Amino acid sequence: MKKKVLSAMLAVAMLAGTLMACGSEPAAGGSSSTGGSSSADEGKVLNIYCWNNEFRERVVNLYPGYTKTDETHGTIGDVSVVWHETPNENNAYQNNLDETLLKQESAAADDKIDMFLVEADYALKYVDSNYTMAVTDLGITSADIANQYKYTQDVVTDSNGTLKGLSWQGCPGVLFYNREAAKEVFGTDDPATVQESVKDWATFNATAQKVSDAGYKMVASANDTFRTYSNNVTKPWVVDGKITIDDNIMNWVNDSKALVDAGYTGTHDLWSPDWSAGFFPEGKVFCYFGPAWFVNFSMSADKEGSIGYNGGWAATEGPQGFFWGGTWICAATGTDNQSLVKDIMLQMTTNQDIMTQIVTKYDDFVNNKPAMEAMAADPNYSSKVLGGQNPLAMYCAGVNGLDLSNLSKYDQGCNEEFQKAMKNYFEGNATLDEALELFYKAVVEKYPDLTY
């Protein structure tokens with residue numbers, strides 16, 4: 001309960017814009033090209049807060065001068081690096097981060113947060129506060145980050161137009177389909193041919209019957225398509241303090257209800273065992289939607305017998321462009337390691353050699369246009385999970401069309417509660433009006449400043 005109260009206090013303070021700046025802000029400095037940069041008058045402990053080992057692995061293996069001590073400790077020069085990893089489950093990461101940020105101003109130098117990671121769904125909660133530093137205050141210029149995709153910067157730009165974080169990732173999404181299922185349904189697993197059958201939502205929904213006739217679910221769950229619809233709205237979830245539901249969100253409701261009623265998809269929660277069953281042949285699922293990280297980290301591709309393990313997936317553009325996820329690095333106000341924070345941010349998000357290594361080592365899609373364009377045209381690069389296909393050109397095409405102008409700080413709560421409420425409707429446990437009322441009440445409880 002204490003953590004919930006602290007988190008609520010932080011959220012209210014952030015939204016009100018009344019948080020005090022934490023500590024002094026020494027002049028930015030350090031190198032952006034050599035790695036391991038630190039000033040003699042800077043702190044001796046670098047505290048990094050995150051929710052998993054993804055960023056840590058990349059820093060440990062690719063950041064110049066990093067020496068690993070153990071899984072959560074290392075050194076860069078004479079600076080000790082401490083990784084504070086708290087899982088996302090039940091909002092534990094944000095609760096821990098919020099509680100620690102509330103103590104940031106009075107914390108001892110070696111205990112202060114120096115950098116922390118955020119996701120798109122709640123990034124504005126932090127960048128619209130004084131707990132995050134402008135990247136220009138670190139000495140990072142627009143020229144330094146000119147090769148990054150604009151949408152990745154939009155995510156962490158505050159309401160005053162100030163950029164307050166950087167990412168090494170771009171997360172444009174595509175449609176991943178089961179090659180064997182495609183051969184059964186269409187007579188081929190060729191991406192261009194399959195794309196014609198999923199090129200828009202009307203075609204996608206019509207194709208679901210053919211897929212069902214062959215014994216497959218079109219998607220594992222109605223929730224699989226939600227993010228694609230919600231990334232293509234014309235207005236944000238909240239307008240002038242009032243909750244709004246965009247027409248494209250309602251298109252998802254109507255289309256999903258029809259697919260569920262026809263038995264073409266289920267209502268499983270994402271990441272549940274029933275939803276994940278389609279990563280294996282016996283799960284009989286035709287397609288999933290996701291970005292590059294989804295293929296390698298979420299489709300059981302490392303498990304013998306899975307579709308991905310045997311290179312049985314392929315990629316095509318799908319009905320609409322979208323993005324999913326991504327991780328942003330924020331510098332915490334009050335850090336006593338500004339030079340090192342700056343250098344890590346630059347090395348891990350702008351160094352083209354490191355970017356290329358991230359692609360080849362982790363199959364990630366990185367936030368560097370020249371690196372990705374070169375890799376997309378590289379005949380030697382291919383994805384084992386995708387049966388030797390090089391999908392990077394699709395990602396490159398998709399990322400350029402992303403529009404994040406409708407993001408809001410309420411996205412995480414609204415997206416989660418809407419899907420929860422609509423599950424009742426899809427399963428026949430509530431009428432549409434009843435499900436909508438459940439949604440509105442849940443969001444207002446979560447964000448008392450809103451109306452509907």
# chains A, B, ... in the order shown; residues from 1 in each chain; ligands from 1

call {"tool": "residues_around", "arguments": {"residues": "Ile48 (chain A)", "least_positions_apart": "3", "cutoff": "10 Å", "atoms": "only C-alpha atoms", "output": "NGL selection string"}}
result
:A and (45 or 55-56 or 72 or 81-85 or 112-117 or 329-332 or 341)

call {"tool": "closest_atom_pairs", "arguments": {"of": "region 188-266 of chain A", "to": "region 301-318 of chain A", "cutoff": "6 Å", "atoms": "only C-alpha atoms", "output": "JSON lines"}}
result
{"residue": "A:Pro191", "atom": "CA", "partner": "A:Thr316", "partner_atom": "CA", "distance": 5.5}
{"residue": "A:Gln195", "atom": "CA", "partner": "A:Thr316", "partner_atom": "CA", "distance": 6.0}
{"residue": "A:Val198", "atom": "CA", "partner": "A:Gly318", "partner_atom": "CA", "distance": 5.5}
{"residue": "A:Lys199", "atom": "CA", "partner": "A:Gly318", "partner_atom": "CA", "distance": 5.6}

call {"tool": "write_last_selection", "arguments": {"atoms": "all heavy atoms", "output": "short mmCIF file (atom, residue, chain, number, x, y, z; two decimals), in the first residue's frame"}}
result
data_model
loop_
_atom_site.label_atom_id
_atom_site.label_comp_id
_atom_site.auth_asym_id
_atom_site.auth_seq_id
_atom_site.Cartn_x
_atom_site.Cartn_y
_atom_site.Cartn_z
N PRO A 191 5.69 -13.83 -49.27
CA PRO A 191 5.17 -12.66 -48.55
C PRO A 191 4.29 -11.74 -49.39
O PRO A 191 3.28 -11.22 -48.91
CB PRO A 191 6.44 -11.94 -48.09
CG PRO A 191 7.46 -13.03 -47.97
CD PRO A 191 7.15 -13.97 -49.10
N GLN A 195 0.46 -10.94 -48.49
CA GLN A 195 0.08 -9.56 -48.22
C GLN A 195 -1.21 -9.17 -48.91
O GLN A 195 -2.03 -8.43 -48.36
CB GLN A 195 1.22 -8.60 -48.64
CG GLN A 195 0.90 -7.12 -48.53
CD GLN A 195 0.60 -6.66 -47.11
OE1 GLN A 195 0.94 -7.32 -46.15
NE2 GLN A 195 -0.07 -5.52 -47.00
N VAL A 198 -4.11 -9.84 -46.69
CA VAL A 198 -4.18 -9.17 -45.39
C VAL A 198 -3.92 -7.67 -45.53
O VAL A 198 -3.58 -6.99 -44.58
CB VAL A 198 -3.17 -9.77 -44.39
CG1 VAL A 198 -3.52 -11.22 -44.07
CG2 VAL A 198 -1.73 -9.67 -44.91
N LYS A 199 -4.12 -7.13 -46.75
CA LYS A 199 -3.65 -5.78 -47.08
C LYS A 199 -4.44 -4.66 -46.40
O LYS A 199 -3.95 -3.53 -46.28
CB LYS A 199 -3.70 -5.58 -48.60
CG LYS A 199 -5.09 -5.69 -49.20
CD LYS A 199 -5.03 -5.60 -50.72
CE LYS A 199 -6.42 -5.76 -51.34
NZ LYS A 199 -6.36 -5.70 -52.82
#

call {"tool": "residues_around", "arguments": {"residues": "region 294-298 of chain A", "least_positions_apart": "2", "cutoff": "10 Å", "atoms": "only C-alpha atoms", "output": "list in words"}}
result
Cys171, Gly173, Phe176, Trp271, Ser276, Phe279, Tyr288, Phe289, Gly290, Pro291, Ala292, Ser300, Ala301, Asp302, Gly308, Tyr309, Trp313, Ala315, Trp324, Gly325, Tyr362, Asp363, Asp364, Ser383, Lys384, Val385 and Leu386 of chain A

call {"tool": "write_last_selection", "arguments": {"atoms": "N, CA and C atoms", "output": "PDB file, in the first residue's frame"}}
result
ATOM      1  N   CYS A 171      10.815   0.364 -33.156  1.00  0.00           N
ATOM      2  CA  CYS A 171       9.952  -0.814 -33.013  1.00  0.00           C
ATOM      3  C   CYS A 171       8.753  -0.799 -33.950  1.00  0.00           C
ATOM      4  N   GLY A 173       6.126  -2.346 -36.431  1.00  0.00           N
ATOM      5  CA  GLY A 173       5.607  -3.711 -36.435  1.00  0.00           C
ATOM      6  C   GLY A 173       5.179  -4.184 -37.806  1.00  0.00           C
ATOM      7  N   PHE A 176       3.500 -11.334 -38.710  1.00  0.00           N
ATOM      8  CA  PHE A 176       4.260 -12.576 -38.825  1.00  0.00           C
ATOM      9  C   PHE A 176       3.288 -13.725 -39.032  1.00  0.00           C
ATOM     10  N   TRP A 271       0.454 -12.957 -23.578  1.00  0.00           N
ATOM     11  CA  TRP A 271       1.477 -13.618 -22.762  1.00  0.00           C
ATOM     12  C   TRP A 271       0.941 -14.811 -21.973  1.00  0.00           C
ATOM     13  N   SER A 276       0.089 -18.089 -26.115  1.00  0.00           N
ATOM     14  CA  SER A 276       1.414 -18.496 -26.587  1.00  0.00           C
ATOM     15  C   SER A 276       1.414 -19.825 -27.310  1.00  0.00           C
ATOM     16  N   PHE A 279       2.703 -20.418 -30.926  1.00  0.00           N
ATOM     17  CA  PHE A 279       4.119 -20.396 -31.305  1.00  0.00           C
ATOM     18  C   PHE A 279       4.603 -21.790 -31.685  1.00  0.00           C
ATOM     19  N   TYR A 288       0.584 -13.506 -35.971  1.00  0.00           N
ATOM     20  CA  TYR A 288       0.731 -12.594 -34.828  1.00  0.00           C
ATOM     21  C   TYR A 288       1.232 -11.258 -35.375  1.00  0.00           C
ATOM     22  N   PHE A 289       1.001 -10.186 -34.611  1.00  0.00           N
ATOM     23  CA  PHE A 289       1.512  -8.863 -34.965  1.00  0.00           C
ATOM     24  C   PHE A 289       2.626  -8.495 -33.993  1.00  0.00           C
ATOM     25  N   GLY A 290       3.725  -7.937 -34.520  1.00  0.00           N
ATOM     26  CA  GLY A 290       4.784  -7.538 -33.616  1.00  0.00           C
ATOM     27  C   GLY A 290       5.944  -6.859 -34.310  1.00  0.00           C
ATOM     28  N   PRO A 291       6.872  -6.301 -33.522  1.00  0.00           N
ATOM     29  CA  PRO A 291       8.098  -5.696 -34.045  1.00  0.00           C
ATOM     30  C   PRO A 291       9.232  -6.708 -34.033  1.00  0.00           C
ATOM     31  N   ALA A 292      10.442  -6.246 -34.304  1.00  0.00           N
ATOM     32  CA  ALA A 292      11.587  -7.148 -34.385  1.00  0.00           C
ATOM     33  C   ALA A 292      11.825  -7.901 -33.087  1.00  0.00           C
ATOM     34  N   SER A 300       9.089 -18.039 -28.518  1.00  0.00           N
ATOM     35  CA  SER A 300       9.674 -19.343 -28.149  1.00  0.00           C
ATOM     36  C   SER A 300      10.614 -19.879 -29.222  1.00  0.00           C
ATOM     37  N   ALA A 301      11.288 -18.963 -29.915  1.00  0.00           N
ATOM     38  CA  ALA A 301      12.158 -19.377 -31.018  1.00  0.00           C
ATOM     39  C   ALA A 301      13.369 -20.171 -30.549  1.00  0.00           C
ATOM     40  N   ASP A 302      13.656 -20.109 -29.243  1.00  0.00           N
ATOM     41  CA  ASP A 302      14.795 -20.860 -28.720  1.00  0.00           C
ATOM     42  C   ASP A 302      14.406 -22.255 -28.235  1.00  0.00           C
ATOM     43  N   GLY A 308       9.255 -21.036 -34.702  1.00  0.00           N
ATOM     44  CA  GLY A 308      10.415 -20.176 -34.897  1.00  0.00           C
ATOM     45  C   GLY A 308      11.727 -20.928 -34.864  1.00  0.00           C
ATOM     46  N   TYR A 309      11.827 -21.930 -34.023  1.00  0.00           N
ATOM     47  CA  TYR A 309      13.068 -22.709 -33.913  1.00  0.00           C
ATOM     48  C   TYR A 309      13.418 -23.336 -35.253  1.00  0.00           C
ATOM     49  N   TRP A 313       8.327 -19.027 -39.538  1.00  0.00           N
ATOM     50  CA  TRP A 313       7.555 -17.801 -39.674  1.00  0.00           C
ATOM     51  C   TRP A 313       8.043 -16.993 -40.869  1.00  0.00           C
ATOM     52  N   ALA A 315       7.388 -12.738 -42.651  1.00  0.00           N
ATOM     53  CA  ALA A 315       6.870 -11.405 -42.347  1.00  0.00           C
ATOM     54  C   ALA A 315       6.288 -10.750 -43.583  1.00  0.00           C
ATOM     55  N   TRP A 324       5.283  -1.080 -31.559  1.00  0.00           N
ATOM     56  CA  TRP A 324       4.981  -1.706 -30.269  1.00  0.00           C
ATOM     57  C   TRP A 324       6.240  -1.667 -29.410  1.00  0.00           C
ATOM     58  N   GLY A 325       6.137  -0.927 -28.340  1.00  0.00           N
ATOM     59  CA  GLY A 325       7.197  -0.963 -27.352  1.00  0.00           C
ATOM     60  C   GLY A 325       8.398  -0.115 -27.701  1.00  0.00           C
ATOM     61  N   TYR A 362      21.624  -9.321 -31.864  1.00  0.00           N
ATOM     62  CA  TYR A 362      20.344  -9.484 -31.173  1.00  0.00           C
ATOM     63  C   TYR A 362      19.133  -9.462 -32.104  1.00  0.00           C
ATOM     64  N   ASP A 363      19.346  -9.314 -33.417  1.00  0.00           N
ATOM     65  CA  ASP A 363      18.229  -9.221 -34.363  1.00  0.00           C
ATOM     66  C   ASP A 363      17.277  -8.079 -34.006  1.00  0.00           C
ATOM     67  N   ASP A 364      17.795  -7.039 -33.406  1.00  0.00           N
ATOM     68  CA  ASP A 364      16.986  -5.888 -33.051  1.00  0.00           C
ATOM     69  C   ASP A 364      16.893  -4.947 -34.255  1.00  0.00           C
ATOM     70  N   SER A 383      17.114 -13.547 -41.207  1.00  0.00           N
ATOM     71  CA  SER A 383      16.605 -13.997 -39.920  1.00  0.00           C
ATOM     72  C   SER A 383      16.332 -15.494 -39.966  1.00  0.00           C
ATOM     73  N   LYS A 384      16.977 -16.235 -39.088  1.00  0.00           N
ATOM     74  CA  LYS A 384      16.761 -17.681 -39.024  1.00  0.00           C
ATOM     75  C   LYS A 384      15.312 -17.998 -38.666  1.00  0.00           C
ATOM     76  N   VAL A 385      14.756 -17.242 -37.730  1.00  0.00           N
ATOM     77  CA  VAL A 385      13.380 -17.470 -37.292  1.00  0.00           C
ATOM     78  C   VAL A 385      12.405 -17.296 -38.453  1.00  0.00           C
ATOM     79  N   LEU A 386      12.742 -16.373 -39.361  1.00  0.00           N
ATOM     80  CA  LEU A 386      11.880 -16.086 -40.512  1.00  0.00           C
ATOM     81  C   LEU A 386      12.314 -16.876 -41.745  1.00  0.00           C
TER      82      LEU A 386
END

call {"tool": "closest_residue", "arguments": {"among": "A:Ala220, A:Cys414, A:Ala430, A:Ala134", "to": "Lys446 (chain A)", "atoms": "only C-alpha atoms"}}
result
A:Cys414

call {"tool": "closest_residue", "arguments": {"among": "A:Val127, A:Leu438, A:Ala192, A:Cys287", "to": "Phe204 (chain A)", "atoms": "only C-alpha atoms"}}
result
A:Cys287

call {"tool": "closest_residue", "arguments": {"among": "A:Lys369, A:Leu450, A:Thr157, A:Gly334", "to": "Ser106 (chain A)", "atoms": "only C-alpha atoms"}}
result
A:Gly334

call {"tool": "residues_around", "arguments": {"residues": "Asp110 (chain A)", "least_positions_apart": "6", "cutoff": "9 Å", "atoms": "only C-alpha atoms", "output": "PyMOL selection string"}}
result
chain A and resi 43-47+336

call {"tool": "write_last_selection", "arguments": {"atoms": "N, CA, C and O atoms", "output": "PDB file, in the first residue's frame"}}
result
ATOM      1  N   GLY A  43      30.666  11.442  -9.833  1.00  0.00           N
ATOM      2  CA  GLY A  43      30.435  10.404  -8.847  1.00  0.00           C
ATOM      3  C   GLY A  43      31.139   9.104  -9.173  1.00  0.00           C
ATOM      4  O   GLY A  43      31.536   8.853 -10.303  1.00  0.00           O
ATOM      5  N   LYS A  44      31.232   8.269  -8.162  1.00  0.00           N
ATOM      6  CA  LYS A  44      31.935   6.997  -8.309  1.00  0.00           C
ATOM      7  C   LYS A  44      30.989   5.820  -8.458  1.00  0.00           C
ATOM      8  O   LYS A  44      31.426   4.689  -8.642  1.00  0.00           O
ATOM      9  N   VAL A  45      29.676   6.052  -8.375  1.00  0.00           N
ATOM     10  CA  VAL A  45      28.699   4.983  -8.556  1.00  0.00           C
ATOM     11  C   VAL A  45      27.663   5.435  -9.579  1.00  0.00           C
ATOM     12  O   VAL A  45      27.082   6.517  -9.446  1.00  0.00           O
ATOM     13  N   LEU A  46      27.460   4.621 -10.598  1.00  0.00           N
ATOM     14  CA  LEU A  46      26.451   4.897 -11.621  1.00  0.00           C
ATOM     15  C   LEU A  46      25.287   3.946 -11.399  1.00  0.00           C
ATOM     16  O   LEU A  46      25.421   2.730 -11.585  1.00  0.00           O
ATOM     17  N   ASN A  47      24.138   4.480 -10.988  1.00  0.00           N
ATOM     18  CA  ASN A  47      22.952   3.671 -10.715  1.00  0.00           C
ATOM     19  C   ASN A  47      21.994   3.724 -11.895  1.00  0.00           C
ATOM     20  O   ASN A  47      21.539   4.809 -12.291  1.00  0.00           O
ATOM     21  N   ASP A 336      25.135  12.626 -10.531  1.00  0.00           N
ATOM     22  CA  ASP A 336      26.477  13.189 -10.390  1.00  0.00           C
ATOM     23  C   ASP A 336      27.436  12.537 -11.383  1.00  0.00           C
ATOM     24  O   ASP A 336      28.644  12.545 -11.189  1.00  0.00           O
TER      25      ASP A 336
END

call {"tool": "closest_residue", "arguments": {"among": "A:Gly398, A:Gly388, A:Gly215, A:Gly165", "to": "Ile140 (chain A)", "atoms": "only C-alpha atoms"}}
result
A:Gly165

call {"tool": "residues_around", "arguments": {"residues": "Val444 (chain A)", "least_positions_apart": "4", "cutoff": "12 Å", "atoms": "only C-alpha atoms", "output": "VMD selection string"}}
result
chain A and resid 238 241 to 243 410 413 to 414 417 437 to 440 448 to 452

call {"tool": "write_last_selection", "arguments": {"atoms": "C-alpha atoms", "output": "short mmCIF file (atom, residue, chain, number, x, y, z; two decimals), in the first residue's frame"}}
result
data_model
loop_
_atom_site.label_atom_id
_atom_site.label_comp_id
_atom_site.auth_asym_id
_atom_site.auth_seq_id
_atom_site.Cartn_x
_atom_site.Cartn_y
_atom_site.Cartn_z
CA VAL A 238 -8.07 12.25 -23.50
CA GLY A 241 -9.73 16.26 -19.58
CA LYS A 242 -12.45 14.07 -21.08
CA ILE A 243 -12.00 10.43 -22.06
CA TYR A 410 -2.95 8.25 -20.05
CA GLY A 413 -4.13 2.88 -18.29
CA CYS A 414 -6.64 3.50 -21.08
CA GLU A 417 -8.60 -1.01 -19.15
CA GLU A 437 -19.23 1.81 -18.64
CA LEU A 438 -16.78 -0.62 -17.03
CA PHE A 439 -14.00 1.01 -19.02
CA TYR A 440 -14.94 4.57 -18.11
CA PRO A 448 -9.38 10.92 -10.92
CA ASP A 449 -8.72 14.13 -12.84
CA LEU A 450 -10.60 12.78 -15.90
CA THR A 451 -14.28 12.83 -16.82
CA TYR A 452 -16.41 11.07 -19.45
#

call {"tool": "closest_residue", "arguments": {"among": "A:Ala371, A:Asn178, A:Met345, A:Trp168", "to": "Met299 (chain A)", "atoms": "only C-alpha atoms"}}
result
A:Asn178

call {"tool": "select_by_dssp", "arguments": {"residues": "region 53-178 of chain A", "states": "alpha helix (DSSP H)", "output": "ChimeraX atom specification"}}
result
/A:54-62,92-101,123-127,150-155

call {"tool": "closest_residue", "arguments": {"among": "A:Trp293, A:Ser405, A:Thr69, A:Asn368", "to": "Gly326 (chain A)", "atoms": "only C-alpha atoms"}}
result
A:Trp293

call {"tool": "residues_around", "arguments": {"residues": "Ala202 (chain A)", "least_positions_apart": "3", "cutoff": "12 Å", "atoms": "only C-alpha atoms", "output": "NGL selection string"}}
result
:A and (196-199 or 205-209 or 251-252 or 254-256 or 258-259 or 318-320)

call {"tool": "atom_distance", "arguments": {"atom1": "CA of Asp189 (chain A)", "atom2": "CA of Met394 (chain A)"}}
result
16.5 Å

call {"tool": "select_by_dssp", "arguments": {"residues": "region 46-158 of chain A", "states": "strand (DSSP E or B)", "output": "list in words"}}
result
Leu46, Asn47, Ile48, Tyr49, Cys50, Tyr66, Thr67, Lys68, Thr69, Asp70, His73, Gly74, Thr75, Ile76, Val79, Ser80, Val81, Val82, Trp83, His84, Glu85, Met115, Phe116, Leu117, Val118, Thr132 and Thr157 of chain A
